[in-house]
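Structure file data-v6.pdb (PDB, C-alpha atoms) follows.
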ATOM      1  CA  MET M   1      -7.066  48.424  27.469
ATOM      2  CA  LYS M   2      -6.791  45.953  30.343
ATOM      3  CA  PHE M   3      -8.774  43.387  28.350
ATOM      4  CA  LYS M   4      -6.457  43.794  25.359
ATOM      5  CA  ASN M   5      -3.374  43.287  27.522
ATOM      6  CA  LEU M   6      -4.987  40.266  29.162
ATOM      7  CA  ARG M   7      -5.825  38.750  25.775
ATOM      8  CA  GLU M   8      -2.302  39.300  24.468
ATOM      9  CA  SER M   9      -0.908  37.719  27.627
ATOM     10  CA  PHE M  10      -3.199  34.703  27.179
ATOM     11  CA  LEU M  11      -2.194  34.292  23.546
ATOM     12  CA  LEU M  12       1.459  34.475  24.516
ATOM     13  CA  GLU M  13       0.959  31.822  27.200
ATOM     14  CA  ALA M  14      -0.853  29.539  24.717
ATOM     15  CA  MET M  15       2.012  29.594  22.207
ATOM     16  CA  SER M  16       5.680  28.685  22.326
ATOM     17  CA  LYS M  17       7.763  31.340  24.033
ATOM     18  CA  PRO M  18      10.859  32.936  22.477
ATOM     19  CA  MET M  19      14.185  31.379  23.419
ATOM     20  CA  THR M  20      15.849  32.867  26.512
ATOM     21  CA  MET M  21      19.413  32.917  27.776
ATOM     22  CA  ARG M  22      18.402  30.128  30.132
ATOM     23  CA  ASP M  23      17.531  27.964  27.115
ATOM     24  CA  VAL M  24      20.826  28.869  25.462
ATOM     25  CA  LYS M  25      22.752  27.935  28.615
ATOM     26  CA  ALA M  26      20.945  24.581  28.715
ATOM     27  CA  ILE M  27      22.029  23.841  25.130
ATOM     28  CA  GLU M  28      25.612  24.822  25.943
ATOM     29  CA  LYS M  29      25.555  22.533  28.963
ATOM     30  CA  LYS M  30      24.121  19.644  26.945
ATOM     31  CA  TYR M  31      26.874  19.843  24.331
ATOM     32  CA  ASN M  32      29.563  21.089  26.741
ATOM     33  CA  GLN M  33      30.407  23.852  24.297
ATOM     34  CA  LYS M  34      30.159  27.640  24.545
ATOM     35  CA  MET M  35      28.412  29.499  21.724
ATOM     36  CA  ASP M  36      29.742  32.659  20.197
ATOM     37  CA  GLN M  37      27.651  35.835  20.296
ATOM     38  CA  GLU M  38      26.384  35.366  16.717
ATOM     39  CA  GLU M  39      24.929  31.962  17.582
ATOM     40  CA  ILE M  40      23.366  33.302  20.787
ATOM     41  CA  ASP M  41      21.780  36.239  18.958
ATOM     42  CA  ASP M  42      20.344  33.882  16.308
ATOM     43  CA  TYR M  43      18.716  31.699  18.957
ATOM     44  CA  LEU M  44      17.286  34.661  20.873
ATOM     45  CA  GLU M  45      16.004  36.583  17.829
ATOM     46  CA  ASN M  46      14.727  33.845  15.525
ATOM     47  CA  ASN M  47      13.886  30.745  17.566
ATOM     48  CA  PHE M  48      11.310  29.549  20.066
ATOM     49  CA  SER M  49      11.415  27.124  22.972
ATOM     50  CA  PRO M  50      10.044  23.595  22.342
ATOM     51  CA  ASP M  51       8.752  23.447  25.941
ATOM     52  CA  GLY M  52       5.022  22.812  25.947
ATOM     53  CA  SER M  53       4.946  21.257  22.473
ATOM     54  CA  ALA M  54       3.765  17.672  22.030
ATOM     55  CA  ARG M  55       7.334  16.349  21.655
ATOM     56  CA  PRO M  56       9.532  18.864  23.542
ATOM     57  CA  ASP M  57      12.624  16.635  23.478
ATOM     58  CA  ALA M  58      12.666  16.308  19.694
ATOM     59  CA  TRP M  59      14.090  19.801  19.022
ATOM     60  CA  LEU M  60      16.513  22.151  20.730
ATOM     61  CA  SER M  61      14.583  25.090  19.301
ATOM     62  CA  LEU M  62      11.651  25.782  16.980
ATOM     63  CA  GLY M  63      11.696  27.960  13.881
ATOM     64  CA  TYR M  64       8.209  29.311  14.656
ATOM     65  CA  PRO M  65       5.868  29.104  17.687
ATOM     66  CA  VAL M  66       3.266  26.349  18.072
ATOM     67  CA  ARG M  67       0.227  26.034  20.316
ATOM     68  CA  ARG M  68       0.746  24.327  23.658
ATOM     69  CA  GLY M  69       0.377  20.571  23.137
ATOM     70  CA  ASP M  70       0.730  20.780  19.335
ATOM     71  CA  TYR M  71       3.256  18.912  17.206
ATOM     72  CA  TYR M  72       5.965  20.948  15.449
ATOM     73  CA  PHE M  73       6.144  19.884  11.789
ATOM     74  CA  ALA M  74       9.195  21.960  10.777
ATOM     75  CA  LEU M  75       7.413  23.655   7.863
ATOM     76  CA  ILE M  76       9.704  25.632   5.585
ATOM     77  CA  GLY M  77       7.439  28.092   3.814
ATOM     78  CA  LYS M  78       8.831  31.582   3.197
ATOM     79  CA  ARG M  79       6.261  33.292   5.454
ATOM     80  CA  LYS M  80       6.493  32.449   9.160
ATOM     81  CA  GLY M  81       2.873  33.464   9.777
ATOM     82  CA  ARG M  82       1.701  31.021   7.108
ATOM     83  CA  ASN M  83       3.795  28.249   8.647
ATOM     84  CA  ILE M  84       2.201  28.887  12.056
ATOM     85  CA  LYS M  85      -1.346  28.690  10.681
ATOM     86  CA  ASP M  86      -0.608  25.619   8.542
ATOM     87  CA  ASN M  87       1.009  23.899  11.522
ATOM     88  CA  GLN M  88      -2.184  24.506  13.523
ATOM     89  CA  ARG M  89      -4.413  23.218  10.711
ATOM     90  CA  MET M  90      -2.298  20.078  10.400
ATOM     91  CA  ASN M  91      -2.545  19.417  14.138
ATOM     92  CA  ASP M  92      -6.328  19.871  14.081
ATOM     93  CA  GLN M  93      -6.670  17.485  11.128
ATOM     94  CA  LEU M  94      -4.344  14.877  12.642
ATOM     95  CA  LYS M  95      -6.451  14.793  15.818
ATOM     96  CA  LYS M  96      -9.623  14.378  13.731
ATOM     97  CA  MET M  97      -8.153  11.503  11.708
ATOM     98  CA  LYS M  98      -6.530   9.650  14.602
ATOM     99  CA  PRO M  99      -9.712   7.805  15.754
ATOM    100  CA  LEU M 100     -10.308   6.450  12.222
ATOM    101  CA  TYR M 101      -7.270   4.176  12.050
ATOM    102  CA  ASP M 102      -5.770   1.340  14.066
ATOM    103  CA  ASP M 103      -2.312   1.621  12.527
ATOM    104  CA  PRO M 104       0.102   4.602  12.479
ATOM    105  CA  GLY M 105       1.150   3.710   8.933
ATOM    106  CA  ALA M 106      -2.401   4.033   7.659
ATOM    107  CA  LEU M 107      -2.844   7.275   9.589
ATOM    108  CA  TYR M 108       0.376   8.622   8.049
ATOM    109  CA  ASP M 109      -0.597   7.683   4.474
ATOM    110  CA  ASN M 110      -4.032   9.280   4.689
ATOM    111  CA  PHE M 111      -2.829  12.320   6.617
ATOM    112  CA  MET M 112      -0.099  12.961   4.018
ATOM    113  CA  ASP M 113      -2.744  12.756   1.279
ATOM    114  CA  TRP M 114      -4.710  15.455   3.098
ATOM    115  CA  CYS M 115      -1.588  17.590   3.563
ATOM    116  CA  TYR M 116      -0.617  17.472  -0.109
ATOM    117  CA  GLU M 117      -4.143  18.519  -1.049
ATOM    118  CA  ASN M 118      -4.709  21.234   1.559
ATOM    119  CA  ILE M 119      -1.336  22.627   2.690
ATOM    120  CA  LYS M 120       0.334  24.543  -0.129
ATOM    121  CA  ASP M 121       3.741  26.244  -0.324
ATOM    122  CA  SER M 122       4.834  25.156   3.161
ATOM    123  CA  GLY M 123       7.055  22.246   2.174
ATOM    124  CA  VAL M 124       5.025  19.310   3.515
ATOM    125  CA  GLY M 125       6.981  17.060   1.132
ATOM    126  CA  ASP M 126      10.304  18.076   2.665
ATOM    127  CA  THR M 127      12.219  15.125   4.127
ATOM    128  CA  MET M 128      12.426  16.537   7.643
ATOM    129  CA  THR M 129       8.758  17.543   7.688
ATOM    130  CA  ARG M 130       7.705  14.055   6.598
ATOM    131  CA  GLU M 131       9.890  12.593   9.361
ATOM    132  CA  GLU M 132       8.197  14.829  11.933
ATOM    133  CA  ILE M 133       4.760  13.843  10.640
ATOM    134  CA  TRP M 134       5.649  10.155  10.935
ATOM    135  CA  ALA M 135       6.948  10.723  14.466
ATOM    136  CA  ALA M 136       3.702  12.538  15.342
ATOM    137  CA  CYS M 137       1.602   9.654  13.978
ATOM    138  CA  LEU M 138       3.546   7.223  16.150
ATOM    139  CA  HIS M 139       3.359   9.486  19.197
ATOM    140  CA  ILE M 140      -0.350  10.281  18.959
ATOM    141  CA  MET M 141      -1.133   6.549  18.731
ATOM    142  CA  LYS M 142       1.299   5.802  21.564
ATOM    143  CA  LYS M 143       3.543   3.680  19.377
ATOM    144  CA  ARG M 144       7.280   3.609  18.836
ATOM    145  CA  VAL M 145       9.600   2.090  16.238
ATOM    146  CA  ALA M 146      11.254  -1.111  17.429
ATOM    147  CA  THR M 147      15.040  -1.177  17.029
ATOM    148  CA  VAL M 148      16.753  -4.316  15.760
ATOM    149  CA  TYR M 149      20.527  -4.661  16.070
ATOM    150  CA  VAL M 150      22.385  -6.714  13.489
ATOM    151  CA  ASP M 151      26.063  -7.671  13.610
ATOM    152  CA  GLU M 152      28.135  -6.011  10.903
ATOM    153  CA  ASP M 153      29.326  -9.377   9.609
ATOM    154  CA  VAL M 154      25.749 -10.618   9.051
ATOM    155  CA  ALA M 155      25.002 -10.535   5.331
ATOM    156  CA  VAL M 156      21.601  -9.323   4.098
ATOM    157  CA  ASP M 157      20.858 -10.371   0.514
ATOM    158  CA  GLU M 158      20.035  -7.827  -2.172
ATOM    159  CA  ALA M 159      16.559  -9.297  -2.642
ATOM    160  CA  PHE M 160      15.625  -8.059   0.830
ATOM    161  CA  PHE M 161      16.301  -4.445  -0.130
ATOM    162  CA  LYS M 162      14.497  -4.829  -3.464
ATOM    163  CA  ARG M 163      11.400  -6.104  -1.704
ATOM    164  CA  LEU M 164      11.638  -3.272   0.814
ATOM    165  CA  PHE M 165      12.000  -0.681  -1.967
ATOM    166  CA  ARG M 166       8.944  -2.023  -3.779
ATOM    167  CA  ARG M 167       6.917  -1.706  -0.592
ATOM    168  CA  LEU M 168       8.093   1.869  -0.079
ATOM    169  CA  VAL M 169       7.294   2.880  -3.657
ATOM    170  CA  ARG M 170       3.877   1.292  -3.452
ATOM    171  CA  GLY M 171       3.208   3.242  -0.283
ATOM    172  CA  ILE M 172      -0.455   2.264  -0.002
ATOM    173  CA  ARG M 173      -1.708   0.058   2.812
ATOM    174  CA  LYS M 174      -4.919  -1.940   2.390
ATOM    175  CA  LEU M 175      -6.168  -1.277   5.907
ATOM    176  CA  LYS M 176      -9.851  -0.811   6.613
ATOM    177  CA  PRO M 177     -10.729   2.413   8.451
ATOM    178  CA  LYS M 178     -13.129   2.036  11.361
ATOM    179  CA  GLY M 179     -16.823   2.388  10.545
ATOM    180  CA  VAL M 180     -16.515   2.321   6.728
ATOM    181  CA  PRO M 181     -19.182   0.234   4.884
ATOM    182  CA  LYS M 182     -17.982  -2.911   3.069
ATOM    183  CA  GLU M 183     -19.027  -1.478  -0.310
ATOM    184  CA  SER M 184     -16.809   1.544   0.288
ATOM    185  CA  VAL M 185     -13.900  -0.705   1.242
ATOM    186  CA  LYS M 186     -14.270  -2.761  -1.968
ATOM    187  CA  GLU M 187     -14.319   0.403  -4.041
ATOM    188  CA  ALA M 188     -11.301   1.746  -2.118
ATOM    189  CA  VAL M 189      -9.327  -1.459  -2.761
ATOM    190  CA  LYS M 190     -10.129  -1.190  -6.471
ATOM    191  CA  ASP M 191      -8.955   2.420  -6.515
ATOM    192  CA  GLU M 192      -5.808   1.489  -4.582
ATOM    193  CA  LYS M 193      -4.850  -1.016  -7.266
ATOM    194  CA  LEU M 194      -5.231   1.690  -9.907
ATOM    195  CA  ILE M 195      -3.186   4.100  -7.786
ATOM    196  CA  GLN M 196      -0.435   1.507  -7.400
ATOM    197  CA  LYS M 197      -0.294   1.071 -11.191
ATOM    198  CA  ALA M 198      -0.265   4.846 -11.646
ATOM    199  CA  VAL M 199       2.638   5.234  -9.184
ATOM    200  CA  LYS M 200       4.620   2.570 -11.093
ATOM    201  CA  ILE M 201       4.013   4.444 -14.357
ATOM    202  CA  ALA M 202       5.124   7.719 -12.773
ATOM    203  CA  MET M 203       8.324   6.177 -11.408
ATOM    204  CA  SER M 204       9.145   4.389 -14.679
ATOM    205  CA  MET M 205       8.604   7.538 -16.776
ATOM    206  CA  GLY M 206      10.661   9.916 -14.641
ATOM    207  CA  GLY M 207      11.481  13.073 -16.588
ATOM    208  CA  ASN M 208       8.390  12.820 -18.789
ATOM    209  CA  MET M 209       5.726  14.167 -16.464
ATOM    210  CA  THR M 210       3.296  15.124 -19.245
ATOM    211  CA  GLY M 211       3.512  11.726 -20.917
ATOM    212  CA  ALA M 212       3.108   9.896 -17.613
ATOM    213  CA  TYR M 213       0.101  12.031 -16.655
ATOM    214  CA  LYS M 214      -1.648  11.366 -19.992
ATOM    215  CA  LYS M 215      -1.020   7.631 -19.713
ATOM    216  CA  ILE M 216      -2.397   7.563 -16.174
ATOM    217  CA  GLU M 217      -5.468   9.585 -17.183
ATOM    218  CA  ARG M 218      -6.249   6.984 -19.881
ATOM    219  CA  MET M 219      -6.568   4.404 -17.077
ATOM    220  CA  LYS M 220      -9.201   6.469 -15.237
ATOM    221  CA  ARG M 221     -10.199  10.089 -15.641
ATOM    222  CA  GLY M 222      -8.984  12.165 -12.681
ATOM    223  CA  LEU M 223      -6.507   9.521 -11.486
ATOM    224  CA  GLY M 224      -3.557  11.759 -12.337
ATOM    225  CA  ASP M 225      -4.883  14.363  -9.900
ATOM    226  CA  HIS M 226      -5.000  11.991  -6.922
ATOM    227  CA  PRO M 227      -2.645  13.351  -4.193
ATOM    228  CA  VAL M 228      -0.575  10.143  -4.032
ATOM    229  CA  VAL M 229      -0.189  10.006  -7.822
ATOM    230  CA  MET M 230       0.587  13.725  -8.058
ATOM    231  CA  ASN M 231       3.301  13.316  -5.445
ATOM    232  CA  ALA M 232       4.787  10.351  -7.330
ATOM    233  CA  LEU M 233       4.834  12.401 -10.529
ATOM    234  CA  ARG M 234       6.630  15.250  -8.783
ATOM    235  CA  LEU M 235       9.202  12.964  -7.208
ATOM    236  CA  ALA M 236       9.906  11.105 -10.434
ATOM    237  CA  ASN M 237      10.055  14.153 -12.658
ATOM    238  CA  GLU M 238      13.593  15.256 -13.405
ATOM    239  CA  SER M 239      12.443  18.785 -14.128
ATOM    240  CA  VAL M 240      11.561  19.349 -10.469
ATOM    241  CA  ASN M 241      13.645  22.149  -9.045
ATOM    242  CA  GLU M 242      15.893  19.848  -7.049
ATOM    243  CA  ASN M 243      18.248  22.686  -6.179
ATOM    244  CA  VAL M 244      15.505  24.488  -4.247
ATOM    245  CA  LEU M 245      14.547  21.297  -2.421
ATOM    246  CA  ALA M 246      18.172  20.625  -1.602
ATOM    247  CA  GLU M 247      18.566  24.146  -0.209
ATOM    248  CA  MET M 248      15.559  23.728   2.028
ATOM    249  CA  GLU M 249      16.726  20.385   3.316
ATOM    250  CA  MET M 250      20.268  21.557   4.041
ATOM    251  CA  LYS M 251      18.952  24.677   5.739
ATOM    252  CA  GLN M 252      16.826  22.508   8.011
ATOM    253  CA  ILE M 253      19.744  20.175   8.760
ATOM    254  CA  ARG M 254      22.000  23.131   9.575
ATOM    255  CA  ARG M 255      19.396  24.686  11.859
ATOM    256  CA  LYS M 256      18.607  21.477  13.748
ATOM    257  CA  HIS M 257      22.266  20.468  14.245
ATOM    258  CA  ASN M 258      23.768  23.944  14.419
ATOM    259  CA  VAL M 259      25.582  23.469  17.736
ATOM    260  CA  ALA M 260      27.086  20.090  16.821
ATOM    261  CA  LEU M 261      28.260  21.346  13.412
ATOM    262  CA  ARG M 262      29.892  24.467  14.835
ATOM    263  CA  ARG M 263      31.573  22.402  17.520
ATOM    264  CA  ALA M 264      32.998  20.106  14.845
ATOM    265  CA  VAL M 265      34.431  23.106  12.979
ATOM    266  CA  LYS M 266      36.065  24.502  16.121
ATOM    267  CA  THR M 267      37.513  21.195  17.359
ATOM    268  CA  GLY M 268      38.244  19.537  14.018
ATOM    269  CA  ASN M 269      36.513  16.394  15.317
ATOM    270  CA  LEU M 270      34.202  15.025  12.614
ATOM    271  CA  GLU M 271      32.420  12.611  14.954
ATOM    272  CA  LEU M 272      28.908  14.074  14.832
ATOM    273  CA  PRO M 273      25.786  12.825  16.641
ATOM    274  CA  GLN M 274      24.239   9.913  14.769
ATOM    275  CA  ASP M 275      21.122  11.787  13.634
ATOM    276  CA  ALA M 276      23.226  14.677  12.289
ATOM    277  CA  GLU M 277      25.564  12.312  10.442
ATOM    278  CA  GLU M 278      22.661  10.382   8.928
ATOM    279  CA  ALA M 279      20.943  13.556   7.756
ATOM    280  CA  LEU M 280      24.121  14.878   6.121
ATOM    281  CA  PHE M 281      24.896  11.516   4.536
ATOM    282  CA  GLN M 282      21.396  11.314   3.034
ATOM    283  CA  TRP M 283      21.643  14.859   1.690
ATOM    284  CA  ALA M 284      25.069  14.221   0.153
ATOM    285  CA  PHE M 285      23.934  10.953  -1.408
ATOM    286  CA  ASP M 286      20.674  12.382  -2.782
ATOM    287  CA  ASN M 287      22.535  15.333  -4.310
ATOM    288  CA  ASN M 288      25.263  13.169  -5.908
ATOM    289  CA  GLU M 289      27.958  14.631  -3.680
ATOM    290  CA  ILE M 290      28.946  11.051  -2.816
ATOM    291  CA  LYS M 291      28.405   7.998  -5.002
ATOM    292  CA  THR M 292      28.554   5.090  -2.535
ATOM    293  CA  ASP M 293      27.854   4.259   1.098
ATOM    294  CA  ASP M 294      31.572   3.998   1.823
ATOM    295  CA  PRO M 295      32.159   5.777   5.178
ATOM    296  CA  ASP M 296      35.552   7.041   4.009
ATOM    297  CA  GLU M 297      34.002   8.772   1.006
ATOM    298  CA  PHE M 298      31.465  10.511   3.249
ATOM    299  CA  THR M 299      34.138  11.514   5.774
ATOM    300  CA  ASN M 300      36.281  13.054   3.014
ATOM    301  CA  TRP M 301      33.270  14.958   1.680
ATOM    302  CA  LEU M 302      32.357  16.202   5.152
ATOM    303  CA  ASP M 303      35.919  17.285   5.876
ATOM    304  CA  SER M 304      35.998  19.301   2.637
ATOM    305  CA  ASN M 305      32.567  20.898   3.038
ATOM    306  CA  LEU M 306      31.988  21.344   6.768
ATOM    307  CA  ASP M 307      32.989  25.021   6.799
ATOM    308  CA  ASP M 308      30.651  25.763   3.874
ATOM    309  CA  ILE M 309      27.804  23.894   5.585
ATOM    310  CA  VAL M 310      28.134  25.938   8.776
ATOM    311  CA  ARG M 311      28.407  29.232   6.850
ATOM    312  CA  GLY M 312      25.289  28.394   4.863
ATOM    313  CA  LYS M 313      27.064  28.226   1.505
ATOM    314  CA  LEU M 314      25.322  24.927   0.697
ATOM    315  CA  ASP M 315      21.915  26.403   1.600
TER     316      ASP M 315
END
Translate the structure of the given file into structure tokens.
Amino acid sequence: MKFKNLRESFLLEAMSKPMTMRDVKAIEKKYNQKMDQEEIDDYLENNFSPDGSARPDAWLSLGYPVRRGDYYFALIGKRKGRNIKDNQRMNDQLKKMKPLYDDPGALYDNFMDWCYENIKDSGVGDTMTREEIWAACLHIMKKRVATVYVDEDVAVDEAFFKRLFRRLVRGIRKLKPKGVPKESVKEAVKDEKLIQKAVKIAMSMGGNMTGAYKKIERMKRGLGDHPVVMNALRLANESVNENVLAEMEMKQIRRKHNVALRRAVKTGNLELPQDAEEALFQWAFDNNEIKTDDPDEFTNWLDSNLDDIVRGKLD
């Protein structure tokens, strides 16, 4: 009996601990805003402290516990136990892959390929999860994104954004992993060119997933089943259940920025933290709630929908 209690205690110590009133008080102090009892109960019953995780300052609370020193990937599967195990598998795989690459972008691309192939029904393609994976790739390689400030009156031509978009869609870096024979690299480059063509076909035939898949398979048998190509087909296909994806994304946004959103409702001040505003703007734009990047249009949308966001009606 003593051994069982000792083991349970060890397991508890090795994982994230449930949120405490001390954690809640720290959040209230950070935002200078008192929570109501419903918010406090939600934190205490359903959330875990980020202390001890690999990036403890990235989240106010975690939706499920992680091992000490692990990254939290904000998985959104329906079963919490499955999310915990998948989060651990992803951390183990990321640590195995890290020594193979010199560049965080290459690590991210190859790690995402592994995730799409091995982690099912946990939402690894969700926007927030992909952002956390990218942040983990930077962190584990001790890198950070450089910030460049540009004056508002400096014009950036449209060609710049078109070139950037093409690079994002291509999404495949020709970087040589450490210790791979030259013959393997040549073969990989050849396959990458085929994958790039397949991604272009998928994006240009959005809404016709079957037709795009058949056309890609005629290029090379099995190419349509490559993780990168499969992901492109899913993204481009109009029959994807976008409503479910939108619900998941909004639920994650609401959870991460819960305090700031509730404070905005109570005070009537729509000036949200930058990361919260950017997340809401992206969601609204992706879901055709707003049509342009005009700040006034976004502000009007936010003013009309803030109550529904906080109450979970847009979840």
Which neighbours of Phe298 in chain M fall inside 12 Å, counting only C-alpha atoms, when residues of the same chain fewer than 5 positions from it are skipped, and could you give them as an MDAnalysis selection string? chainID M and resid 270:271 277:285 288:293 303:306
Restricting it to C-alpha atoms, dump the selection as a short mmCIF file (atom, residue, chain, number, x, y, z; two decimals), keeping the file's coordinate frame.
data_model
loop_
_atom_site.label_atom_id
_atom_site.label_comp_id
_atom_site.auth_asym_id
_atom_site.auth_seq_id
_atom_site.Cartn_x
_atom_site.Cartn_y
_atom_site.Cartn_z
CA LEU M 270 34.20 15.02 12.61
CA GLU M 271 32.42 12.61 14.95
CA GLU M 277 25.56 12.31 10.44
CA GLU M 278 22.66 10.38 8.93
CA ALA M 279 20.94 13.56 7.76
CA LEU M 280 24.12 14.88 6.12
CA PHE M 281 24.90 11.52 4.54
CA GLN M 282 21.40 11.31 3.03
CA TRP M 283 21.64 14.86 1.69
CA ALA M 284 25.07 14.22 0.15
CA PHE M 285 23.93 10.95 -1.41
CA ASN M 288 25.26 13.17 -5.91
CA GLU M 289 27.96 14.63 -3.68
CA ILE M 290 28.95 11.05 -2.82
CA LYS M 291 28.40 8.00 -5.00
CA THR M 292 28.55 5.09 -2.54
CA ASP M 293 27.85 4.26 1.10
CA ASP M 303 35.92 17.28 5.88
CA SER M 304 36.00 19.30 2.64
CA ASN M 305 32.57 20.90 3.04
CA LEU M 306 31.99 21.34 6.77
#
Residues returned when the PyMOL selection byres ((chain M and resi 35) around 9) runs on this file, as a VMD selection string: chain M and resid 24 28 33 to 34 36 to 40 259 262 to 263
Pick from M:Gln196, M:Ser16, M:Ala136, M:Lys215, whichever lies nearest to Ala58 in chain M using all atoms listed in the file: M:Ala136
Run through the PyMOL selection byres ((chain M and resi 309-313) around 8) on the given coordinates and return the selected residues as a list in words. Lys251, Arg254, Asn258, Leu261, Arg262, Asn305, Leu306, Asp307, Asp308, Leu314 and Asp315 of chain M
For a test of reading the model, state the distance in Å between CA of Thr127 in chain M and CA of Asp286 in chain M, rounded to one decimal. 11.3 Å
From the list M:Ala198, M:Leu62, M:Leu107, M:Ala232, which residue is nearest Gly125 in chain M when using only C-alpha atoms?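 Once distances to Gly125 in chain M are computed over only C-alpha atoms, the minimum belongs to M:Ala232.
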Work out how far CA of Met15 in chain M is from CA of Arg89 in chain M, in Å to one decimal. 14.6 Å
Would you mind reading off the distance between CA of Asp92 in chain M and CA of Met141 in chain M, one decimal, in Å? 15.0 Å
Of the candidates M:Lys85, M:Lys220, M:Lys30, M:Arg55, which shows the shortest atom-to-atom distance to Leu138 in chain M, using only C-alpha atoms?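 Nearest to Leu138 in chain M: M:Arg55.
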Taking (0.9, 13.0, -15.7) in the coordinates of the supplied file, I want to know which residues reach to within 10 Å of it, counting all atoms listed in the file; could you give the answer as a list in words?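 These residues have at least one counted atom within 10 Å: Ala198, Ile201, Ala202, Met205, Asn208, Met209, Thr210, Gly211, Ala212, Tyr213, Lys214, Lys215, Ile216, Glu217, Leu223, Gly224, Asp225, Val229, Met230, Ala232, Leu233, Arg234 and Asn237 of chain M.
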For each of M:Leu272, M:Met19, M:Ile133, M:Leu60, take the minimum atom-to-atom distance to Phe48 in chain M, counting all atoms listed in the file, then give the residue where this is smallest. M:Met19
Give the answer as one residue: which of M:Gln93, M:Ser53, M:Asn46, M:Ser122 has the shortest atom-to-atom distance to Tyr108 in chain M, using only C-alpha atoms? M:Gln93
Evaluate the PyMOL selection byres ((chain M and resi 90) around 9) against this structure - the residues, as JSON, numbers by chain, please. {"M": [71, 73, 85, 86, 87, 88, 89, 91, 92, 93, 94, 95, 111, 114, 115, 119]}
Using all atoms listed in the file, pick whichever of M:Val66, M:Met21, M:Met250, M:Ile27 has the shortest atom-to-atom distance to Glu45 in chain M.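 For Glu45 in chain M, the nearest of the given residues is M:Met21.
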Could you give me, as a ChimeraX atom specification, the residues within 8 Å of Glu132 in chain M, counting all atoms listed in the file and dropping anything in the same chain fewer than 2 positions from it? /M:72-74,128-130,134-136
Could you give me the axis-aligned bounding box of range 281-290 of chain M, with 8 Å of padding per side, as centre plus edge lengths in Å to one decimal, as lines of an AutoDock Vina configuration file?
center_x = 24.8
center_y = 13.1
center_z = -0.7
size_x = 24.3
size_y = 20.4
size_z = 26.4
